[in-house]
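Here is the structure we will look at, set down as structure tokens.
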Amino acid sequence: MDLLKLIGQLERQIVSCLELLEPRLSDINDGREPLFLVRQAINNANKEEKQKIQKKRKIFLVACQLSKEQFNKILPDKSNDISSIYGRLHRITDVFKQANVYILQRGQLENYFSSYQGSPYLIPNDVKKDLLEKERNEIVSKGKYWVENNSQYKEIIDILDSASSSTSVDLGRPLSYLLQDWIYKVQTVFQRRGIKDVEELKNSSDIEWSAYSQVFEDLDFRLNSMGFTCKLKIRADVDPSQPWCTFTHDTVASQVLLYQNF
């Protein structure tokens, strides 16, 4: 079947369901009900002058994925249409997938975040950056094994696996560049102000250990008669082999290459 024709049929079915859904949603006033959020989102879309129908269709599709059981209860007379919408949506999704275009079934990336608890239909743009940063920090702190076993991320992981043309990633070069950058920071601060111990090293705002500790751990810093020796290793969730890295006050940072020098 022609893709545009299939999309057109899907859109008409959604509009037909929306015509019955909207008046029925007006009776839902309990904020704990999943469909109450759908009502809020549709009411908000109705206030828009532009793309009102497009926004309501998107809300409907996302709600179909997140509140399937509630939809079947509130629209029993549209059960055949809803089943057809599911079928057409999956067919359209599969067609796009063949062209490496992936549709998020939950509508927006934030709806896959374990830390996001707000409305899945009304996500303010001004909070998305903070939500992404919070989720990234949680993923880094808990590691890839937690991510792989968290059903919240399954669809995203499947999309990334499908879209990726490589089955493995060589982290040697980017990790080496990261380490070189940090070595230079440590050496610069040591030359300018001196560093007494590992705690002072970690607490220095110029050295930014809080950021680098998402990749490195077990930091050790010791003064000696010539200068210092610093030692650390890669976190297990970054590289299970956890190679140790050692450098000194006179190490040439740009020549440090992980998995070769250490």
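Going by the structure tokens order, chains are called A, B, ..., each with residues numbered from 1, while ligands are numbered from 1 in the order shown.
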Could you build a table of the residues in segment 69-183 of chain A lying no more than 9 Å from segment 228-250 of chain A, giving for each the nearest pair of atoms and their separation in Å rounded to one decimal place, using only C-alpha atoms, ordered by chain and ascending residue number, as a Markdown table?
```
| residue | atom | partner | partner_atom | distance |
| --- | --- | --- | --- | --- |
| A:Val140 | CA | A:Asp237 | CA | 8.0 |
| A:Ser141 | CA | A:Asp237 | CA | 8.8 |
| A:Lys142 | CA | A:Asp237 | CA | 8.2 |
| A:Gly143 | CA | A:Asp237 | CA | 5.0 |
| A:Lys144 | CA | A:Asp237 | CA | 5.9 |
| A:Tyr145 | CA | A:Asp237 | CA | 7.7 |
| A:Leu171 | CA | A:Asp239 | CA | 8.4 |
| A:Leu175 | CA | A:Ile234 | CA | 8.9 |
| A:Leu179 | CA | A:Cys245 | CA | 8.9 |
| A:Ile183 | CA | A:Phe247 | CA | 7.6 |
```
Any chance you could export the current selection's C-alpha atoms as a PDB file, in the first residue's frame?
```
ATOM      1  CA  VAL A 140      26.856   7.371  34.309  1.00  0.00           C
ATOM      2  CA  SER A 141      26.644   6.766  38.064  1.00  0.00           C
ATOM      3  CA  LYS A 142      24.769   3.457  37.760  1.00  0.00           C
ATOM      4  CA  GLY A 143      26.587   2.074  34.722  1.00  0.00           C
ATOM      5  CA  LYS A 144      25.718   0.291  31.496  1.00  0.00           C
ATOM      6  CA  TYR A 145      24.573  -2.940  33.162  1.00  0.00           C
ATOM      7  CA  LEU A 171      37.263   4.072  23.232  1.00  0.00           C
ATOM      8  CA  LEU A 175      39.664   8.323  26.434  1.00  0.00           C
ATOM      9  CA  LEU A 179      43.110  11.909  29.970  1.00  0.00           C
ATOM     10  CA  ILE A 183      46.793  15.720  32.929  1.00  0.00           C
TER      11      ILE A 183
END
```
>> Residues within 8 Å of segment 113-123 of chain A, please, as JSON, numbers by chain. Count only C-alpha atoms; anything in the same chain fewer than 6 positions from it doesn't count.
In response: {"A": [37, 38, 41, 59, 62, 106, 107, 131, 134, 135, 152, 153]}
Which residues are near Lys5 of chain A? Cut-off 12 Å, only C-alpha atoms, ignore same chain within fewer than 5 positions. Put them as a PDB file with N, CA and C atoms, in the first residue's frame.
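What follows is the written file part22.pdb:
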```
ATOM      1  N   LEU A  10      -4.708   6.666   8.544  1.00  0.00           N
ATOM      2  CA  LEU A  10      -4.430   6.726   9.979  1.00  0.00           C
ATOM      3  C   LEU A  10      -4.903   8.052  10.563  1.00  0.00           C
ATOM      4  N   GLU A  11      -4.616   9.137   9.892  1.00  0.00           N
ATOM      5  CA  GLU A  11      -5.007  10.458  10.392  1.00  0.00           C
ATOM      6  C   GLU A  11      -6.524  10.588  10.482  1.00  0.00           C
ATOM      7  N   ARG A  12      -7.240  10.087   9.484  1.00  0.00           N
ATOM      8  CA  ARG A  12      -8.703  10.181   9.496  1.00  0.00           C
ATOM      9  C   ARG A  12      -9.307   9.353  10.631  1.00  0.00           C
ATOM     10  N   ARG A  88      -1.809   0.108  11.710  1.00  0.00           N
ATOM     11  CA  ARG A  88      -1.272   1.040  10.709  1.00  0.00           C
ATOM     12  C   ARG A  88      -0.042   1.763  11.238  1.00  0.00           C
ATOM     13  N   ILE A  92       3.593   1.757   9.448  1.00  0.00           N
ATOM     14  CA  ILE A  92       4.265   3.005   9.070  1.00  0.00           C
ATOM     15  C   ILE A  92       5.637   3.087   9.737  1.00  0.00           C
TER      16      ILE A  92
END
```
For Ala211 of chain A, find every residue with an atom within 12 Å (counting only C-alpha atoms), except residues of its own chain fewer than 4 positions away, and show them as a PDB file with C-alpha atoms, in the first residue's frame.
```
ATOM      1  CA  ARG A 136      22.870  11.399  31.934  1.00  0.00           C
ATOM      2  CA  ASN A 137      24.358  11.695  35.423  1.00  0.00           C
ATOM      3  CA  VAL A 140      26.856   7.371  34.309  1.00  0.00           C
ATOM      4  CA  SER A 141      26.644   6.766  38.064  1.00  0.00           C
ATOM      5  CA  LEU A 178      40.202  13.066  27.820  1.00  0.00           C
ATOM      6  CA  TRP A 182      43.037  16.301  32.560  1.00  0.00           C
ATOM      7  CA  LYS A 202      39.628  16.623  43.968  1.00  0.00           C
ATOM      8  CA  ASN A 203      38.295  19.894  45.383  1.00  0.00           C
ATOM      9  CA  SER A 204      40.050  22.215  42.941  1.00  0.00           C
ATOM     10  CA  SER A 205      37.490  23.886  40.672  1.00  0.00           C
ATOM     11  CA  ASP A 206      40.116  24.294  37.934  1.00  0.00           C
ATOM     12  CA  ILE A 207      40.779  20.549  37.813  1.00  0.00           C
ATOM     13  CA  VAL A 215      35.123   8.240  33.617  1.00  0.00           C
ATOM     14  CA  PHE A 216      38.031   7.769  36.073  1.00  0.00           C
ATOM     15  CA  GLU A 217      38.200   6.513  39.662  1.00  0.00           C
TER      16      GLU A 217
END
```
>> What's the separation between atom CA of Ile74 of chain A and atom CA of Leu21 of chain A, in Å to one decimal place?
In response: 7.5 Å
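For the pair atom CA of Cys64 of chain A and atom CA of Tyr86 of chain A, the interatomic distance is 8.1 Å.
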>> Which residue is closest to Gln214 of chain A? Choose from A:Glu138, A:Arg193, A:Ser176, A:Val186 and count only C-alpha atoms.
In response: A:Glu138
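Atom pair atom CA of Phe190 of chain A / atom CA of Arg173 of chain A has a distance of 25.7 Å (rounded to one decimal).
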Please give the complete set of residues from segment 15-219 of chain A that DSSP, run on the backbone, assigns to alpha helix (DSSP H), formatted as a short mmCIF file (atom, residue, chain, number, x, y, z; two decimals) with C-alpha atoms, in the first residue's frame.
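The resulting out_12.cif:
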```cif
data_model
loop_
_atom_site.label_atom_id
_atom_site.label_comp_id
_atom_site.auth_asym_id
_atom_site.auth_seq_id
_atom_site.Cartn_x
_atom_site.Cartn_y
_atom_site.Cartn_z
CA VAL A 15 -9.75 12.40 14.05
CA SER A 16 -12.84 10.16 14.13
CA CYS A 17 -11.81 8.81 17.54
CA LEU A 18 -10.99 12.30 18.84
CA GLU A 19 -14.52 13.49 18.01
CA LEU A 20 -15.90 10.97 20.51
CA LEU A 21 -13.03 11.12 22.96
CA GLU A 22 -13.01 14.84 23.73
CA PRO A 23 -16.56 15.15 25.18
CA ARG A 24 -16.02 11.97 27.22
CA LEU A 25 -12.79 13.28 28.69
CA PRO A 34 -4.02 8.66 33.39
CA LEU A 35 -6.60 10.11 31.00
CA PHE A 36 -6.78 13.32 33.03
CA LEU A 37 -3.35 14.21 31.62
CA VAL A 38 -4.68 13.48 28.13
CA ARG A 39 -7.60 15.85 28.79
CA GLN A 40 -5.21 18.58 29.95
CA ALA A 41 -3.01 18.18 26.88
CA ILE A 42 -5.94 18.24 24.44
CA ASN A 43 -7.44 21.30 26.15
CA ASN A 44 -4.08 23.01 25.85
CA ALA A 45 -3.88 22.09 22.14
CA ASN A 46 -7.37 23.51 21.57
CA LYS A 52 -4.20 22.29 16.57
CA ILE A 53 -5.33 19.11 14.81
CA GLN A 54 -1.75 17.89 14.30
CA LYS A 55 -0.97 18.34 18.00
CA LYS A 56 -4.13 16.51 19.08
CA ARG A 57 -3.35 13.61 16.74
CA LYS A 58 0.12 13.33 18.28
CA ILE A 59 -1.35 13.37 21.81
CA PHE A 60 -3.79 10.64 20.78
CA LEU A 61 -1.03 8.41 19.38
CA VAL A 62 1.15 8.78 22.46
CA ALA A 63 -1.84 8.14 24.75
CA CYS A 64 -2.62 4.99 22.75
CA GLN A 65 0.81 3.69 23.70
CA LEU A 66 0.77 4.80 27.34
CA LYS A 68 -4.12 1.54 25.99
CA GLU A 69 -6.36 -0.10 28.57
CA GLN A 70 -8.03 3.20 29.54
CA PHE A 71 -8.60 4.05 25.87
CA ASN A 72 -10.40 0.77 25.28
CA LYS A 73 -12.66 1.51 28.25
CA ILE A 74 -13.56 5.06 27.33
CA SER A 79 -12.31 -0.67 19.56
CA ASN A 80 -12.01 -1.77 15.93
CA ASP A 81 -10.68 1.64 14.89
CA ILE A 82 -8.17 1.65 17.75
CA SER A 83 -6.92 -1.81 16.79
CA SER A 84 -6.61 -0.62 13.19
CA ILE A 85 -4.70 2.48 14.34
CA TYR A 86 -2.20 0.27 16.18
CA GLY A 87 -1.74 -1.88 13.10
CA ARG A 88 -1.27 1.04 10.71
CA LEU A 89 1.08 2.81 13.11
CA HIS A 90 3.33 -0.26 13.35
CA ARG A 91 3.33 -0.66 9.57
CA ILE A 92 4.26 3.01 9.07
CA THR A 93 6.96 2.72 11.76
CA ASP A 94 8.45 -0.32 10.04
CA VAL A 95 8.54 1.46 6.68
CA PHE A 96 10.37 4.45 8.17
CA LYS A 97 12.74 2.11 10.01
CA GLN A 98 13.87 0.65 6.70
CA ASN A 125 11.17 23.08 26.38
CA ASP A 126 12.95 25.07 29.09
CA VAL A 127 13.32 22.01 31.35
CA LYS A 128 14.56 19.54 28.73
CA LYS A 129 18.23 20.47 29.08
CA ASP A 130 18.15 19.94 32.86
CA LEU A 131 16.23 16.67 32.47
CA LEU A 132 18.80 15.36 30.01
CA GLU A 133 21.69 16.34 32.31
CA LYS A 134 20.02 14.66 35.29
CA GLU A 135 19.35 11.47 33.35
CA ARG A 136 22.87 11.40 31.93
CA ASN A 137 24.36 11.69 35.42
CA GLU A 138 22.16 8.87 36.68
CA ILE A 139 23.16 6.62 33.78
CA VAL A 140 26.86 7.37 34.31
CA SER A 141 26.64 6.77 38.06
CA LYS A 142 24.77 3.46 37.76
CA LYS A 144 25.72 0.29 31.50
CA TYR A 145 24.57 -2.94 33.16
CA TRP A 146 21.85 -1.04 35.02
CA VAL A 147 20.83 0.64 31.76
CA GLU A 148 20.71 -2.64 29.84
CA LYS A 154 14.61 -0.91 26.03
CA GLU A 155 13.08 0.85 23.03
CA ILE A 156 15.85 3.47 22.95
CA ILE A 157 18.55 0.78 23.16
CA ASP A 158 16.89 -1.22 20.37
CA ILE A 159 16.78 1.91 18.19
CA LEU A 160 20.44 2.70 18.87
CA ASP A 161 21.47 -0.90 18.14
CA SER A 162 19.50 -0.88 14.90
CA ALA A 163 20.73 2.53 13.77
CA GLY A 172 41.05 4.21 23.25
CA ARG A 173 41.43 7.46 21.34
CA PRO A 174 38.63 9.53 22.97
CA LEU A 175 39.66 8.32 26.43
CA SER A 176 43.27 9.20 25.68
CA TYR A 177 42.25 12.72 24.65
CA LEU A 178 40.20 13.07 27.82
CA LEU A 179 43.11 11.91 29.97
CA GLN A 180 45.54 14.23 28.16
CA ASP A 181 43.26 17.16 28.87
CA TRP A 182 43.04 16.30 32.56
CA ILE A 183 46.79 15.72 32.93
CA TYR A 184 47.39 19.21 31.53
CA LYS A 185 44.92 20.70 34.03
CA VAL A 186 46.62 18.96 36.98
CA GLN A 187 50.11 19.97 35.87
CA THR A 188 49.05 23.57 35.29
CA VAL A 189 47.42 23.95 38.72
CA PHE A 190 50.39 22.25 40.40
CA GLN A 191 52.87 24.63 38.74
CA ARG A 192 50.83 27.73 39.59
CA ARG A 193 49.63 27.06 43.12
CA VAL A 198 44.52 14.02 46.75
CA GLU A 199 41.68 15.82 48.56
CA GLU A 200 42.94 19.22 47.48
CA LEU A 201 43.24 17.83 43.95
CA LYS A 202 39.63 16.62 43.97
CA ASN A 203 38.30 19.89 45.38
CA TRP A 209 37.43 16.12 39.22
CA SER A 210 33.65 15.87 39.72
CA ALA A 211 33.23 15.79 35.93
CA TYR A 212 36.21 13.57 35.15
#
```
